[in-house]
Each structure stands twice: as C-alpha cells, then as structure tokens.
There are 2 protein chains.
Amino acid sequence: MTQGLTYRAAGVDPARAEDALSRVRTRIARTKRPEVIGDVGAFGGLFASPGADSVLVATTDGVGTKLELARILDRHEVVGTDLVHHCVNDAMAMGAEPLFFLDYFATSHLDRDVFARVVGAMADACATQGCALLGGETAEMPGMYGPDSYDLAGFLVGAVRRDAILDPRSVREGDVCLGLPSSGLHTNGYALARAVVARAASAQGRDLRAVLETPRHDLGGASLGDALLRTHTCYLASFRALRAAATIRSIAHLTGGGWEGNLPRALPSGLGAAVDPGAWEVPALFRVLAELGQVPGDEQWDTWNMGIGLVAIIPEADVDAAVRALPDSVVVGRVERARGDGRRVRFT
Amino acid sequence: MTQGLTYRAAGVDPARAEDALSRVRTRIARTKRPEVIGDVGAFGGLFASPGADSVLVATTDGVGTKLELARILDRHEVVGTDLVHHCVNDAMAMGAEPLFFLDYFATSHLDRDVFARVVGAMADACATQGCALLGGETAEMPGMYGPDSYDLAGFLVGAVRRDAILDPRSVREGDVCLGLPSSGLHTNGYALARAVVARAASAQGRDLRAVLETPRHDLGGASLGDALLRTHTCYLASFRALRAAATIRSIAHLTGGGWEGNLPRALPSGLGAAVDPGAWEVPALFRVLAELGQVPGDEQWDTWNMGIGLVAIIPEADVDAAVRALPDSVVVGRVERARGDGRRVRFT
C-alpha cells in the first residue's frame, strides 16, 4: 500500500523555517527603530512614513556566485553582511540614509544553522548601519537548488530630503572623481573569479578547495579564499563624513559592470570621466586573478572594481576638505566631455 | 596556449541582461505613477514619500516551485503576475494600498525571451493594480540553477493611513470570517502538488508532462497543468469594495501554511476561529490532488487554501452589507475563544 503524501514528505517543513527564524529573533529585534510598528509575524512590516518632504529610495540586490565560495569555505556570515552593505551603498548613491531592509532566502532544503548564520549576520549588519530588518521570506523549494546551495536577495528602502537627492545632472566638466578603496571584489565578478580559480586548480591538478585555502606570498600570506571572501565595504560612515565636509554632486557604486558599467550612471549624458589607474595601487587580488586567468585588461576593468568601490563626484574646490575628511580617499580622475566613441570612462 | 578568460566565457554577459530589459522597458514605463522621480538606471528607484500620517507596509514574497510547472509547461507569464498579486495581497492584509514593487530575477543563463515574458507580465500586473515597477535586479549566476530554471522574489511597499491599519487586536469574539474564493493553489503548496503529480505519473507509467497536459473529466475538462497554473487572485478590488461597505477588523491572506498557518495571524492571542468547511465547495483541483496523493485531510488544510484565498474578519452587523458588496464572498466561520489545544482553527 502506498503511503499518503505530506508536505514534509515532499521536502517542505514549515516548522523547520519557524525554528530557523527563532534562532535569530533576538538579533533581528535589535534592529528595531522607533518608526517600526507592531511585531514580526504580520503579513507586512509596518514602518512610519518619513514625511512628504522626503523621497523614498528603493533598491534590490543579490550577492551573485560569491554564495558558492561562501558555501565551499563554510563562511556564510560574509554573504549576509554583504547583502546589507550592497543595498545600503546603492541607496546611499542616491543620497539616502537607510530605513529598513527585507531579505529573501531560498534553498532546496533549509539548513537551520546556515540560515541562522546568514540571517544573523544580516541582522547584525542592519543594526550596525541603523537599519530595521523589517521582514523576510524563507523559501524551501525542493529540487530548485543544488545540495547546500541557497540564494539571497535583499531589498532596502531609504530616505533622502527632496533637496538632497544626488543628481548626476548637477555634475560639471572639471569636477573631480574621488575614489574610496574597496576590500576586494565586493559582490561582483565572482563568476569570472571562480572560473579563474577553477582553471588554476585544473592546471595544477589540485582540488578547488585546496587552491582556495593555500596561503600565498603574492597575497601577503592570505589565501585566495580569504581575499575573495572579504566583506563588501559599507560606505555609509564615509558618505556622512564626506557630505559634512564637501558638496557631493553624485555617487557611483562600482558593482556589476565595473567602471564603464557604473561610473557613467553618476554622470549626465554628454560627459565622461578620465581616470588615472596609476592614482592608486590595484590590490594584489586583482593582479593575481588577472594573471592566473590571463584576463585581458579591458575585461578586468569592465568586470571588477579594481580596488575602488565607490566614486564620489565633487567640485574641485572641495577636494582638499574631502581628502581631509576621508584620509583613505584618492583623486582618481576628472569629469570631461564624452569622446563619443561609445565608452565614457577613459583610462589615462 | 590557453585563452584569456572573460566574464562572457565564465557564463555572464551583462549585455544579455541589458537587451532583455530593453524588451520590457515600454511596459515598465506604463507603471509610472506621479510619485516616481527620475529614470530607471539609477542605483535606486525614487518615489515621493506619502506623508507622515501614513505608514509604509513592506512585504517580500516568492512563488515557490510553481516556477517549475511554469517552466515545464512554458507558461512563464503566470508566475510574473502571481508574484505581484501575492505581494499586493500581503500589503493589503495590513490595510495598505500598493505604491511600488521591485523584482529579483535569478538564473544560471539568462533567456531573454523568458525574462521578457516574466517581467513583462509583472509590469502589466503592476500597471493594472496601480503600482509602480520601481526597480529590479537581474542576476546571472552560472551553475546555481538547473537548465532553464530561474527564481523570482518580489518586494512591495504600500501605504496605509495610521488610523486605518488593520489590527488583529481589534477582533472580537463572535466576529465573522468572510471568505473570498481562490483560483486554485495560488502560489503555495506546490512542492506537495508536484509530488502528487509525480507519483501519479510514476503509477501510470507516464511522462510528467503528459499527466499535466491531459484534459480530465474531474476537472471539468481542464488539465492538471491548467488548474495548477491559474493566476494567484489579486484581492485589491474586492478589498476596496469591502472597505467601502463594511468595517474590516483584520485580514488573513491564506498562503504558505494554509488555514492554521495564516488565519491565526489575523486574530489576537486567545481567540481562534470555528470554520465550517461545508460553507463552500472545495474546488475539484484540491479533491483530485488529495485523492491522487492520498493526502491526509489535516495535511490538505495545513498546506493549501482549499478554495478560499483570503479571509476578512468583520463584525456580525456588517455581514449583509459585505455580502452585497462582494457577491462571491461566503461566511466561512466565526471567531471564538481559542481552545488551548495548540490549534486555533477548528473545523466544525
């Protein structure tokens, strides 16, 4: 006789998601802001509206296949933090302070420990950045993901005073591109990085994990895994310091698409940027990856941030004050007329 | 000599995502509301804040493994529409009207046609519900998903006047549970439904697709695939009509977890509901699935909506007016003291 089918037998156990969530409830509660109304468990999260002089800024992001490295190397906290930082930076690129965040966690079979590590790290990052973790969805979808794999999406809403929206149309020829250092690839270009590592492993006849875990002289003793799993830098504190010291015309968050894919998004049509790649030292990780994979130069700059995670466009008159406020910032280039050759970032 | 690695060779082509998006830009533009500021392409979407007397309601959802059925049967529009409707209903369960929506689309290799069909359907659903499609993220993640598979997450922000928030604490013993019909499983319990269909296919020695596509007498001539791929009903128009005709105390959107998992979320602690399952006819799809899979009764009600997609709790005095306003609604039960046996929905 065949047994009756149940949801659990089909691979979904709502009690598992409930238990997983209960492990991080205290950390989520710490993200509560005064605007949050009511409790978790409702059909939607409630947050007092910031008032009609404000504009809401909404953004959604993932962390790409950095997830796979986090899984292989059992470093799940990193991607939780990354997701929050990526979203905070994107909203900030419009001039906004974060208000609240929601997450989507999808997997074939929910591992409660992994879930608690990922979502716990998200909650901690939200608390640090002063952002409420207002809700989330945990999806158990048998057969959709490989064993132990999961995907993440983050959603963030921030607010900016209407007169403080960063508008690329305010950028003028001659304005200065101020770069802020990245910690590594952040959350972009991992498919390429992983292909490089896979090729190196194959060429050396070694296991992928071994290649990722071996300390390297050319990375100052760090392993490729360490360097690739550095947390996406959150620029909120730098943004606040810069805003207090200088006029910010616009901001480019260098994510998917590298320099050409992002810097023009902070410029009005007709303008481009002349960037001096010698203005800062490209971190060793990028050089090592480029060499191992023989990645062409253009391809590197069109895919990775190459050591600069954020570019603020400021008036030349404010450069000294800006650099004093942000001692690790560096003038990386200048706004110029676009050349009309289809590319708007010109490396000098 | 080995070739230099590129992002495209590693399986990611940003131009592909750009082209896919260009195919739906006109349909996305039609969702624009007066509050939307600026253009798509910025790091975050801008939306004028609704004012301090409003409360923002944020929700995130997926569509679960209904995705797999949509893929097998090449009916991708359905899940795009579903995602918007699911989010709209969740925000509405707090009393909110939708403001804006963002989507996350993740796959291993982006199929531009499929993307345009899914996101185009989302845009159309947003336009119909008066909700701006404010942004989205398209993630191409080689190796993360099976061939032709993709995942979706939706994020919606709505607004409700502070004094119009639906609050379960306002519910009183003796209040009436008014049910609104569902179109089918909506977006929940598909792992169980798929397991049922897979077992039937195996028992009949037939191909999964054949079982899904065969017209059935017990479904009034529809196939299982047709019945399983009906669109998640959007209750926004019904909600507005009900709100105009009656006091709504609270709303339960019957999604993952079925009746016991959702109806208590619309009730204060200490209260439960006595529900008469004979008050409406459970649609044929549920009966067919239960029979094919020998799914125990409790399991059906704890997983599926069983034909009622939304329950509004209203005062008894308003029942006549409510039923006049919503002719397809049905009184399904009544609020009572919880029995203290751990379950708060009692079937009479």
# chains A, B, ... in the order shown; residues from 1 in each chain; ligands from 1
>>> residues_around(residues="Pro315 of chain B", least_positions_apart="4", cutoff="12 Å", atoms="only C-alpha atoms", output="PDB file with C-alpha atoms, in the first residue's frame")
ATOM      1  CA  SER B 170      -9.473  44.810  17.207  1.00  0.00           C
ATOM      2  CA  VAL B 171     -11.087  41.418  16.531  1.00  0.00           C
ATOM      3  CA  ARG B 172     -13.823  40.347  18.975  1.00  0.00           C
ATOM      4  CA  GLU B 173     -15.365  37.007  19.841  1.00  0.00           C
ATOM      5  CA  GLY B 174     -18.407  36.489  17.596  1.00  0.00           C
ATOM      6  CA  ASP B 175     -16.929  38.383  14.645  1.00  0.00           C
ATOM      7  CA  VAL B 176     -17.500  36.749  11.290  1.00  0.00           C
ATOM      8  CA  CYS B 177     -14.914  35.196   8.951  1.00  0.00           C
ATOM      9  CA  LEU B 178     -15.797  36.184   5.415  1.00  0.00           C
ATOM     10  CA  ALA B 245     -19.334  48.618   2.608  1.00  0.00           C
ATOM     11  CA  ALA B 246     -18.225  47.253   5.972  1.00  0.00           C
ATOM     12  CA  THR B 247     -15.805  47.564   8.868  1.00  0.00           C
ATOM     13  CA  ILE B 248     -12.838  45.300   8.251  1.00  0.00           C
ATOM     14  CA  ARG B 249     -11.202  44.270  11.530  1.00  0.00           C
ATOM     15  CA  SER B 250      -8.361  42.258  10.010  1.00  0.00           C
ATOM     16  CA  VAL B 319     -22.275  40.749   7.122  1.00  0.00           C
ATOM     17  CA  ASP B 320     -25.272  41.575   4.939  1.00  0.00           C
ATOM     18  CA  ALA B 321     -23.674  44.722   3.565  1.00  0.00           C
ATOM     19  CA  ALA B 322     -20.414  42.864   2.978  1.00  0.00           C
ATOM     20  CA  VAL B 331     -19.366  33.353   5.529  1.00  0.00           C
ATOM     21  CA  ARG B 334     -16.845  32.773  13.338  1.00  0.00           C
ATOM     22  CA  VAL B 335     -14.306  33.994  15.861  1.00  0.00           C
TER      23      VAL B 335
END
>>> atom_distance(atom1="atom CA of Ile251 of chain B", atom2="atom CA of Gly38 of chain A")
15.5 Å
>>> closest_residue(among="A:Gly62, A:Ala279, A:Ala159, A:Ala195", to="Thr348 of chain A", atoms="only C-alpha atoms")
A:Ala279
>>> residues_around(residues="segment 139-141 of chain B", least_positions_apart="3", cutoff="7 Å", atoms="only C-alpha atoms", output="PyMOL selection string")
(chain A and resi 64-65) or (chain B and resi 12+105-110+144)
>>> atom_distance(atom1="atom CA of Gly189 of chain B", atom2="atom CA of Thr303 of chain B")
5.6 Å
>>> select_by_dssp(residues="segment 46-224 of chain B", states="strand (DSSP E)", output="PyMOL selection string")
chain B and resi 46-48+54-61+97-107+132-140+150-161+176-181
>>> closest_residue(among="B:Leu292, B:Ala203, B:Ala191, B:Ala266", to="Ile313 of chain B", atoms="only C-alpha atoms")
B:Ala266
>>> residues_around(residues="Pro283 of chain B", least_positions_apart="4", cutoff="12 Å", atoms="only C-alpha atoms", output="PDB file with C-alpha atoms, in the first residue's frame")
ATOM      1  CA  PRO B 181     -12.675  32.332  -3.392  1.00  0.00           C
ATOM      2  CA  SER B 182      -9.207  31.418  -4.618  1.00  0.00           C
ATOM      3  CA  SER B 183      -8.456  30.476  -8.221  1.00  0.00           C
ATOM      4  CA  GLY B 184      -6.563  27.371  -7.123  1.00  0.00           C
ATOM      5  CA  LEU B 185      -3.387  26.796  -5.103  1.00  0.00           C
ATOM      6  CA  ASP B 218     -12.970  15.502 -12.827  1.00  0.00           C
ATOM      7  CA  LEU B 219     -11.549  18.969 -13.547  1.00  0.00           C
ATOM      8  CA  GLY B 220     -14.395  19.880 -15.881  1.00  0.00           C
ATOM      9  CA  ALA B 227      -5.680  24.078 -12.970  1.00  0.00           C
ATOM     10  CA  LEU B 228      -2.290  24.324 -11.256  1.00  0.00           C
ATOM     11  CA  PRO B 277     -15.689  23.570   5.597  1.00  0.00           C
ATOM     12  CA  GLY B 278     -19.146  22.836   4.224  1.00  0.00           C
ATOM     13  CA  ARG B 287     -10.063  16.956  -4.260  1.00  0.00           C
ATOM     14  CA  VAL B 288      -8.224  15.487  -7.242  1.00  0.00           C
ATOM     15  CA  LEU B 289      -4.812  16.196  -5.730  1.00  0.00           C
ATOM     16  CA  ALA B 290      -5.851  14.813  -2.354  1.00  0.00           C
ATOM     17  CA  TRP B 304      -3.423  24.562   0.759  1.00  0.00           C
ATOM     18  CA  ASN B 305      -6.070  27.288   0.842  1.00  0.00           C
ATOM     19  CA  MET B 306      -8.771  24.740  -0.141  1.00  0.00           C
ATOM     20  CA  GLY B 307     -10.641  27.248  -2.274  1.00  0.00           C
ATOM     21  CA  ILE B 308     -10.600  30.345  -0.046  1.00  0.00           C
ATOM     22  CA  GLY B 309      -7.690  32.695  -0.716  1.00  0.00           C
TER      23      GLY B 309
END
>>> atom_distance(atom1="atom CA of Asp13 of chain B", atom2="atom CA of Asp302 of chain A")
11.2 Å
>>> residues_around(residues="Leu271 of chain A", least_positions_apart="5", cutoff="6 Å", atoms="only C-alpha atoms", output="ChimeraX atom specification")
/A:336-338
>>> write_last_selection(atoms="C-alpha atoms", output="mmCIF file, in the first residue's frame")
data_model
loop_
_atom_site.group_PDB
_atom_site.id
_atom_site.type_symbol
_atom_site.label_atom_id
_atom_site.label_comp_id
_atom_site.auth_asym_id
_atom_site.auth_seq_id
_atom_site.Cartn_x
_atom_site.Cartn_y
_atom_site.Cartn_z
ATOM 1 C CA GLU A 336 35.444 65.600 -19.105
ATOM 2 C CA ARG A 337 33.400 65.781 -22.256
ATOM 3 C CA ALA A 338 32.494 62.309 -23.525
#
>>> select_by_dssp(residues="segment 121-220 of chain B", states="alpha helix (DSSP H)", output="VMD selection string")
chain B and resid 121 to 129 190 to 204 208 to 213
>>> write_last_selection(atoms="N, CA and C atoms", output="compact mmCIF listing (two decimals), in the first residue's frame")
# COMPACT_ATOMS: atom_id res chain seq x y z
N ALA B 121 5.01 40.42 -17.74
CA ALA B 121 3.76 40.11 -17.02
C ALA B 121 3.73 40.82 -15.67
N MET B 122 4.87 40.90 -15.00
CA MET B 122 4.94 41.65 -13.74
C MET B 122 4.56 43.11 -13.97
N ALA B 123 5.14 43.68 -15.02
CA ALA B 123 4.89 45.09 -15.31
C ALA B 123 3.40 45.30 -15.58
N ASP B 124 2.81 44.42 -16.38
CA ASP B 124 1.38 44.55 -16.69
C ASP B 124 0.53 44.43 -15.43
N ALA B 125 0.90 43.49 -14.56
CA ALA B 125 0.15 43.33 -13.31
C ALA B 125 0.30 44.57 -12.44
N CYS B 126 1.51 45.12 -12.40
CA CYS B 126 1.74 46.36 -11.63
C CYS B 126 0.86 47.48 -12.19
N ALA B 127 0.85 47.62 -13.51
CA ALA B 127 0.06 48.69 -14.14
C ALA B 127 -1.42 48.51 -13.78
N THR B 128 -1.91 47.29 -13.88
CA THR B 128 -3.33 47.02 -13.57
C THR B 128 -3.66 47.37 -12.13
N GLN B 129 -2.73 47.07 -11.21
CA GLN B 129 -3.00 47.33 -9.79
C GLN B 129 -2.59 48.73 -9.37
N TYR B 190 3.02 23.94 -3.71
CA TYR B 190 3.34 23.31 -4.99
C TYR B 190 4.31 22.15 -4.86
N ALA B 191 5.14 22.15 -3.84
CA ALA B 191 6.04 21.00 -3.67
C ALA B 191 5.20 19.75 -3.44
N LEU B 192 4.16 19.91 -2.63
CA LEU B 192 3.27 18.77 -2.38
C LEU B 192 2.49 18.41 -3.65
N ALA B 193 1.94 19.41 -4.32
CA ALA B 193 1.17 19.14 -5.55
C ALA B 193 2.05 18.45 -6.60
N ARG B 194 3.28 18.91 -6.72
CA ARG B 194 4.18 18.31 -7.71
C ARG B 194 4.54 16.88 -7.32
N ALA B 195 4.70 16.63 -6.04
CA ALA B 195 4.98 15.26 -5.59
C ALA B 195 3.80 14.35 -5.92
N VAL B 196 2.60 14.88 -5.76
CA VAL B 196 1.39 14.12 -6.09
C VAL B 196 1.38 13.78 -7.58
N VAL B 197 1.65 14.78 -8.40
CA VAL B 197 1.61 14.56 -9.85
C VAL B 197 2.72 13.58 -10.26
N ALA B 198 3.88 13.73 -9.63
CA ALA B 198 5.00 12.82 -9.96
C ALA B 198 4.64 11.38 -9.59
N ARG B 199 3.98 11.22 -8.45
CA ARG B 199 3.60 9.87 -8.05
C ARG B 199 2.57 9.30 -9.03
N ALA B 200 1.61 10.13 -9.43
CA ALA B 200 0.59 9.68 -10.39
C ALA B 200 1.25 9.28 -11.70
N ALA B 201 2.20 10.08 -12.14
CA ALA B 201 2.88 9.77 -13.40
C ALA B 201 3.59 8.43 -13.29
N SER B 202 4.26 8.25 -12.18
CA SER B 202 5.01 7.01 -11.96
C SER B 202 4.04 5.82 -11.89
N ALA B 203 2.93 5.97 -11.17
CA ALA B 203 1.97 4.88 -11.03
C ALA B 203 1.34 4.52 -12.38
N GLN B 204 1.16 5.54 -13.22
CA GLN B 204 0.53 5.30 -14.52
C GLN B 204 1.56 4.98 -15.59
N LEU B 208 5.64 12.97 -16.89
CA LEU B 208 5.08 14.03 -16.04
C LEU B 208 4.28 15.03 -16.86
N ARG B 209 4.85 15.41 -17.96
CA ARG B 209 4.21 16.42 -18.80
C ARG B 209 2.87 15.92 -19.36
N ALA B 210 2.86 14.65 -19.74
CA ALA B 210 1.62 14.07 -20.27
C ALA B 210 0.53 14.10 -19.20
N VAL B 211 0.90 13.75 -17.98
CA VAL B 211 -0.09 13.77 -16.89
C VAL B 211 -0.61 15.19 -16.67
N LEU B 212 0.30 16.15 -16.77
CA LEU B 212 -0.10 17.55 -16.56
C LEU B 212 -0.99 18.09 -17.68
N GLU B 213 -0.80 17.55 -18.89
CA GLU B 213 -1.49 18.15 -20.04
C GLU B 213 -2.77 17.44 -20.46
>>> residues_around(residues="His76 of chain A", least_positions_apart="2", cutoff="8 Å", atoms="only C-alpha atoms", output="list in words")
Leu67, Ala70, Arg71, Asp74, Val78, Val79, Gly80, Val114, Arg117 and Val118 of chain A
>>> closest_atom_pairs(of="segment 100-135 of chain B", to="segment 89-103 of chain A", cutoff="12 Å", atoms="only C-alpha atoms", output="JSON lines")
{"residue": "B:Leu102", "atom": "CA", "partner": "A:Leu102", "partner_atom": "CA", "distance": 11.9}
{"residue": "B:Tyr104", "atom": "CA", "partner": "A:Asp103", "partner_atom": "CA", "distance": 11.1}
{"residue": "B:Gly135", "atom": "CA", "partner": "A:Asp90", "partner_atom": "CA", "distance": 12.0}
